[in-house]
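Asker: target-v2.tsv (TSV, C-alpha atoms) pasted underneath:
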```tsv
chain	number	residue	atom	x	y	z
V	9	MET	CA	8.70	54.93	162.49
V	10	PRO	CA	6.44	54.13	165.47
V	11	VAL	CA	2.95	53.42	164.28
V	12	VAL	CA	0.11	53.99	166.72
V	13	ASP	CA	-2.22	51.02	166.52
V	14	ASN	CA	-5.45	52.95	166.71
V	15	LYS	CA	-8.42	50.58	166.78
V	16	ARG	CA	-11.00	53.09	167.94
V	17	PRO	CA	-14.06	53.06	165.67
V	18	VAL	CA	-14.60	56.14	163.52
V	19	ASN	CA	-18.02	57.05	162.19
V	20	LEU	CA	-17.23	59.21	159.24
V	21	ASP	CA	-19.27	57.52	156.54
V	22	ILE	CA	-20.04	60.64	154.50
V	23	GLY	CA	-22.89	58.80	152.76
V	24	THR	CA	-24.85	58.54	156.03
V	25	ILE	CA	-24.48	62.22	156.94
V	26	LYS	CA	-26.72	64.93	155.49
V	27	LEU	CA	-24.34	67.71	154.44
V	28	PRO	CA	-25.15	71.44	154.36
V	29	ILE	CA	-24.45	73.55	151.23
V	30	THR	CA	-21.22	74.84	152.81
V	31	SER	CA	-19.86	71.27	152.68
V	32	TYR	CA	-20.67	70.88	149.00
V	33	VAL	CA	-19.09	74.26	148.22
V	34	SER	CA	-15.98	73.13	150.11
V	35	ILE	CA	-15.80	69.70	148.44
V	36	LEU	CA	-16.24	71.27	144.99
V	37	HIS	CA	-13.47	73.74	145.85
V	38	ARG	CA	-11.19	70.76	146.43
V	39	VAL	CA	-12.31	68.92	143.31
V	40	SER	CA	-11.87	72.03	141.13
V	41	GLY	CA	-8.44	72.57	142.71
V	42	VAL	CA	-7.29	69.07	141.78
V	43	VAL	CA	-8.65	69.56	138.23
V	44	LEU	CA	-6.75	72.87	138.02
V	45	PHE	CA	-3.50	71.15	139.04
V	46	PHE	CA	-3.65	69.38	135.66
V	47	SER	CA	-5.16	72.38	133.83
V	48	VAL	CA	-1.96	74.33	134.54
V	49	ALA	CA	-0.40	72.21	131.76
V	50	ILE	CA	-3.15	73.36	129.35
V	51	PHE	CA	-2.75	77.02	130.37
V	52	LEU	CA	1.06	76.82	129.96
V	53	TRP	CA	0.66	75.11	126.59
V	54	MET	CA	-1.65	77.96	125.47
V	55	LEU	CA	0.80	80.57	126.79
V	56	GLU	CA	3.67	78.86	124.98
V	57	SER	CA	1.76	78.56	121.69
V	58	SER	CA	0.61	82.17	121.89
V	59	LEU	CA	4.16	83.46	122.42
V	60	ALA	CA	6.51	81.10	120.51
V	61	SER	CA	5.92	82.66	117.08
V	62	GLU	CA	3.29	84.37	114.95
V	63	GLU	CA	2.50	81.03	113.22
V	64	SER	CA	1.95	79.22	116.51
V	65	PHE	CA	-0.20	82.17	117.70
V	66	ASN	CA	-2.42	81.78	114.62
V	67	GLN	CA	-2.45	77.98	114.99
V	68	LEU	CA	-3.68	78.39	118.57
V	69	ALA	CA	-6.48	80.66	117.35
V	70	GLU	CA	-7.50	77.86	114.94
V	71	THR	CA	-7.33	75.24	117.71
V	72	PHE	CA	-9.99	77.28	119.53
V	73	ASN	CA	-12.44	76.30	116.78
V	74	ASN	CA	-11.98	72.57	117.38
V	75	PRO	CA	-14.92	71.27	119.52
V	76	ILE	CA	-12.76	68.84	121.56
V	77	CYS	CA	-10.25	71.58	122.37
V	78	GLN	CA	-13.12	73.94	123.14
V	79	PHE	CA	-14.53	71.42	125.62
V	80	ILE	CA	-11.16	70.88	127.36
V	81	ILE	CA	-10.51	74.62	127.60
V	82	TRP	CA	-14.11	75.19	128.77
V	83	GLY	CA	-13.63	72.59	131.53
V	84	SER	CA	-10.39	74.21	132.69
V	85	LEU	CA	-11.86	77.71	132.67
V	86	ALA	CA	-15.02	76.53	134.46
V	87	ALA	CA	-12.88	74.90	137.18
V	88	LEU	CA	-10.84	78.11	137.42
V	89	ALA	CA	-13.99	80.26	137.67
V	90	TYR	CA	-15.49	78.13	140.42
V	91	HIS	CA	-12.21	77.80	142.34
V	92	ALA	CA	-11.54	81.56	142.12
V	93	VAL	CA	-15.06	82.52	143.29
V	94	ALA	CA	-15.00	80.02	146.18
V	95	GLY	CA	-11.45	81.14	147.03
V	96	ILE	CA	-12.36	84.85	147.05
V	97	ARG	CA	-15.18	83.92	149.47
V	98	HIS	CA	-12.48	82.63	151.84
V	99	LEU	CA	-10.38	85.78	151.34
V	100	ILE	CA	-13.42	87.94	152.21
V	101	MET	CA	-13.99	85.80	155.33
V	102	ASP	CA	-10.29	86.27	156.23
V	103	MET	CA	-10.94	90.00	156.36
V	104	GLY	CA	-13.64	89.38	158.96
V	105	TYR	CA	-16.79	89.59	156.85
V	106	GLY	CA	-19.48	86.91	156.96
V	107	GLU	CA	-17.65	84.47	159.22
V	108	ASP	CA	-19.60	85.23	162.39
V	109	SER	CA	-22.39	82.64	162.09
V	110	PHE	CA	-23.41	79.51	160.22
V	111	GLU	CA	-26.24	81.50	158.65
V	112	SER	CA	-23.86	84.01	157.02
V	113	GLY	CA	-21.59	81.15	155.92
V	114	ARG	CA	-24.54	79.42	154.28
V	115	ASN	CA	-25.62	82.64	152.55
V	116	SER	CA	-22.13	83.33	151.18
V	117	ALA	CA	-21.91	79.69	150.03
V	118	ARG	CA	-25.16	80.16	148.09
V	119	ALA	CA	-23.91	83.46	146.67
V	120	ALA	CA	-20.66	81.77	145.58
V	121	VAL	CA	-22.57	79.02	143.73
V	122	VAL	CA	-24.79	81.56	141.94
V	123	LEU	CA	-21.85	83.82	141.02
V	124	ALA	CA	-19.77	80.87	139.80
V	125	LEU	CA	-22.67	79.67	137.61
V	126	VAL	CA	-23.03	83.17	136.12
V	127	VAL	CA	-19.30	83.35	135.34
V	128	ILE	CA	-19.32	79.81	133.86
V	129	ALA	CA	-22.34	80.81	131.70
V	130	LEU	CA	-20.38	83.86	130.46
V	131	ILE	CA	-17.36	81.63	129.68
V	132	THR	CA	-19.61	79.22	127.76
V	133	TRP	CA	-21.10	82.09	125.77
V	134	TRP	CA	-17.59	83.50	125.08
V	135	ILE	CA	-16.24	80.15	123.81
V	136	LEU	CA	-19.25	79.31	121.58
E	21	MET	CA	1.03	59.47	160.81
E	22	VAL	CA	3.94	61.65	159.80
E	23	THR	CA	2.78	64.10	157.15
E	24	THR	CA	4.58	67.40	157.77
E	25	VAL	CA	7.80	66.22	156.05
E	26	THR	CA	6.16	66.76	152.65
E	27	SER	CA	4.25	69.98	153.46
E	28	LEU	CA	5.59	73.16	151.88
E	29	GLY	CA	6.03	75.41	154.93
E	30	ARG	CA	6.59	72.56	157.45
E	31	SER	CA	3.86	74.08	159.61
E	32	GLY	CA	0.12	74.53	159.25
E	33	LEU	CA	0.28	78.24	160.06
E	34	SER	CA	3.01	78.85	157.49
E	35	ASP	CA	1.09	76.88	154.83
E	36	TRP	CA	-2.08	78.83	155.67
E	37	MET	CA	-0.27	82.15	155.16
E	38	ILE	CA	1.41	81.07	151.90
E	39	GLN	CA	-1.98	79.83	150.63
E	40	ARG	CA	-3.52	83.29	151.26
E	41	VAL	CA	-0.67	85.38	149.83
E	42	SER	CA	-0.46	83.22	146.70
E	43	ALA	CA	-4.27	83.43	146.34
E	44	TRP	CA	-4.15	87.24	146.33
E	45	ILE	CA	-1.35	87.27	143.72
E	46	MET	CA	-3.20	84.84	141.43
E	47	THR	CA	-6.43	86.84	141.81
E	48	ALA	CA	-4.56	90.01	140.80
E	49	TYR	CA	-3.10	88.27	137.73
E	50	LEU	CA	-6.51	86.85	136.77
E	51	VAL	CA	-8.21	90.26	137.08
E	52	PHE	CA	-5.41	91.88	135.04
E	53	ILE	CA	-5.42	89.31	132.25
E	54	VAL	CA	-9.23	89.19	131.93
E	55	GLY	CA	-9.30	93.01	131.90
E	56	TYR	CA	-6.56	93.05	129.24
E	57	PHE	CA	-8.49	90.66	126.98
E	58	PHE	CA	-11.63	92.80	127.38
E	59	ALA	CA	-9.69	95.99	126.59
E	60	ASN	CA	-8.02	94.36	123.54
E	61	PRO	CA	-10.63	92.19	121.80
E	62	ASN	CA	-8.62	92.07	118.54
E	63	LEU	CA	-5.30	91.20	120.11
E	64	ASP	CA	-2.55	90.34	117.62
E	65	TYR	CA	0.73	88.49	118.09
E	66	ALA	CA	2.99	91.57	118.05
E	67	GLN	CA	1.08	93.33	120.83
E	68	TRP	CA	0.75	90.14	122.93
E	69	ALA	CA	4.47	89.33	122.57
E	70	GLU	CA	5.42	92.92	123.39
E	71	LEU	CA	3.34	92.83	126.60
E	72	ASN	CA	4.76	89.49	127.75
E	73	SER	CA	8.38	90.30	126.94
E	74	SER	CA	8.38	93.48	129.01
E	75	LEU	CA	10.23	93.06	132.32
E	76	PRO	CA	7.32	94.03	134.64
E	77	MET	CA	4.99	91.54	132.93
E	78	ARG	CA	7.64	88.80	132.99
E	79	MET	CA	8.04	89.38	136.72
E	80	PHE	CA	4.26	89.44	137.28
E	81	SER	CA	3.87	86.19	135.31
E	82	LEU	CA	6.79	84.53	137.12
E	83	VAL	CA	5.51	85.54	140.58
E	84	THR	CA	2.07	84.22	139.55
E	85	MET	CA	3.63	80.92	138.41
E	86	LEU	CA	5.52	80.61	141.72
E	87	SER	CA	2.22	81.33	143.52
E	88	ILE	CA	0.48	78.61	141.50
E	89	ALA	CA	3.29	76.19	142.43
E	90	ALA	CA	3.16	76.96	146.17
E	91	HIS	CA	-0.67	77.02	146.21
E	92	ALA	CA	-0.92	73.71	144.33
E	93	TRP	CA	1.71	72.08	146.53
E	94	ILE	CA	-0.19	73.05	149.72
E	95	GLY	CA	-3.62	72.23	148.26
E	96	MET	CA	-2.60	68.85	146.84
E	97	TRP	CA	-0.83	68.03	150.12
E	98	CYS	CA	-4.09	68.71	152.01
E	99	VAL	CA	-6.10	66.48	149.68
E	100	LEU	CA	-3.53	63.64	149.65
E	101	THR	CA	-3.01	63.61	153.44
E	102	ASP	CA	-6.81	63.67	153.98
E	103	TYR	CA	-7.79	60.84	151.67
E	104	ILE	CA	-4.78	58.57	151.14
E	105	THR	CA	-4.62	57.45	154.74
E	106	VAL	CA	-4.18	54.10	156.50
E	107	ARG	CA	-7.70	54.41	157.91
E	108	LEU	CA	-9.30	54.92	154.50
E	109	ILE	CA	-7.28	52.68	152.18
E	110	GLY	CA	-5.20	50.37	154.37
E	111	PRO	CA	-1.59	49.74	155.43
E	112	LYS	CA	-0.04	50.57	152.04
E	113	ALA	CA	-1.44	54.13	152.25
E	114	THR	CA	1.78	55.79	153.43
E	115	ALA	CA	3.86	54.41	150.56
E	116	ILE	CA	1.15	55.27	148.02
E	117	ARG	CA	0.75	58.78	149.44
E	118	ILE	CA	4.51	59.47	149.39
E	119	PHE	CA	4.60	58.32	145.75
E	120	PHE	CA	1.78	60.68	144.77
E	121	GLN	CA	3.26	63.55	146.77
E	122	LEU	CA	6.66	63.20	145.12
E	123	ALA	CA	5.00	62.97	141.70
E	124	MET	CA	2.96	66.10	142.52
E	125	ILE	CA	6.09	67.99	143.62
E	126	ALA	CA	7.95	66.89	140.46
E	127	ILE	CA	5.10	68.08	138.20
E	128	THR	CA	4.91	71.38	140.10
E	129	LEU	CA	8.64	72.05	139.65
E	130	LEU	CA	8.36	71.05	135.99
E	131	TYR	CA	5.61	73.67	135.54
E	132	VAL	CA	7.88	76.36	137.03
E	133	VAL	CA	10.79	75.49	134.74
E	134	TRP	CA	8.42	75.36	131.73
E	135	ALA	CA	7.00	78.80	132.59
E	136	ILE	CA	10.50	80.32	132.89
E	137	ASP	CA	11.40	78.74	129.54
E	138	ILE	CA	8.28	80.27	127.92
E	139	LEU	CA	8.64	83.74	129.47
E	140	TRP	CA	12.36	84.18	128.78
E	141	GLY	CA	12.19	82.54	125.36
E	142	ILE	CA	9.99	85.20	123.74
```
Give the structure from this file in structure tokens form.
Answerer:
Amino acid sequence: MPVVDNKRPVNLDIGTIKLPITSYVSILHRVSGVVLFFSVAIFLWMLESSLASEESFNQLAETFNNPICQFIIWGSLAALAYHAVAGIRHLIMDMGYGEDSFESGRNSARAAVVLALVVIALITWWIL
Amino acid sequence: MVTTVTSLGRSGLSDWMIQRVSAWIMTAYLVFIVGYFFANPNLDYAQWAELNSSLPMRMFSLVTMLSIAAHAWIGMWCVLTDYITVRLIGPKATAIRIFFQLAMIAITLLYVVWAIDILWGI
């Protein structure tokens, strides 16, 4: 495989660049996506337990009372909520809404953060 | 840097499209399942098993699982090819990235098989 020996300097030290809210929304979308990659195992385990038999269904309901399990499930659902809200923002932009200026992008990024926090608060209230 | 060999659609445009279609399918499943839990707050095993063993629901769940697999493959590929690069972590980056990509693909396929096992084992 020919490797291009590229010695040109690159200034992409994220720490030296002041990022707008749209960048943080995007980075969090990535982070939540990576978290969700592993959460799929938790969701499949819950689906399996809920469907294998009536005993395992009832056992799963009891597991929901365990604080450690509650925290893990809360984390997975919070990641899902954020990722879904930020993703739906992209789907709305795909349809041609709010992608015409940086201003509208910044506003929809703020709206996504607020909406995600509301949904995560509802999830927290539902679990507790 | 050769990266397209491990992408799902072998082209950025194809990956972009698959990412959108799978996103819509997963959103539909999420809306349905959240709505179902709201409509049935005292869900019992018999009703839940009956729903999930019906053919339309099995198909919906399977298509959602396949969407998760494709979406995760594309998303994880983007993250791995952005951050595990020669510029960021040095000359061993390509070998490390290929290892993580193959592991990611293996886990994704395992999820699909597991989901089929769950859905058709009810």
Asker: Work out how far CA of Ala48 in chain E is from CA of Ala49 in chain V, in Å to one decimal.
Answerer: 20.4 Å
Asker: Of the candidates V:Met103, V:Cys77, V:Ala119, V:Ile29, which shows the shortest atom-to-atom distance to chain E, using all atoms listed in the file?
Answerer: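 Of V:Met103, V:Cys77, V:Ala119, V:Ile29, the one nearest chain E, counting all atoms listed in the file, is V:Met103.
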Asker: Pull out every residue of chain E that has at least one atom within 7 Å of chain V, counting all atoms listed in the file, and report them as a list in words.
Answerer: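 Every residue meeting the condition is included here: Tyr65, Ala69, Ala92, Met96, Ala135, Ile138 and Ile142 of chain E.
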Asker: Within 12 Å of range 109-126 of chain E, counting only C-alpha atoms, which residues qualify if same-chain residues fewer than 2 places away don't, as a ChimeraX atom specification?
Answerer: /V:9,11,13,42,45-46 /E:21-28,89-107,128-133
Asker: To one decimal place, how far is CA of Asp108 in chain V from CA of Val127 in chain V in Å?
Answerer: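 These two atoms are separated by 27.1 Å.
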Asker: Hey, can you check how far CA of Ala86 in chain V sits from CA of Ala124 in chain V?
Answerer: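 Separation of CA of Ala86 in chain V and CA of Ala124 in chain V: 8.4 Å.
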Asker: Pick the closest to Trp82 in chain V from V:Ser116, V:Ile128, V:Tyr105, V:Ala94: which is it, counting all atoms listed in the file?
Answerer: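 Under the stated criterion, the closest residue is V:Ile128.
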Asker: May I have the residues within 10 Å of Val83 in chain E as an MDAnalysis selection string, using all atoms listed in the file and disregarding those fewer than 3 positions away in the same chain?
Answerer: chainID E and resid 42 45:46 49 77:80 86:89
Asker: Do you know which residues are at most 9 Å from Leu125 in chain V counting all atoms listed in the file, after dropping those on the same chain fewer than 3 positions away, and could you put them as a PyMOL selection string?
Answerer: chain V and resi 86+89-90+120-122+128-130
Asker: Quick one: of E:Thr84, E:Gly29, E:Leu50, E:Leu139, who's nearest to Leu71 in chain E, counting only C-alpha atoms?
Answerer: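 Of all the options, E:Leu139 lies closest to Leu71 in chain E.
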Asker: Between V:Thr132, V:Ser40, V:Ser84, V:Ser31, which residue has the minimum interatomic distance to Met54 in chain V, considering only C-alpha atoms?
Answerer: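 Residue with the minimum atom-to-atom distance to Met54 in chain V: V:Ser84.
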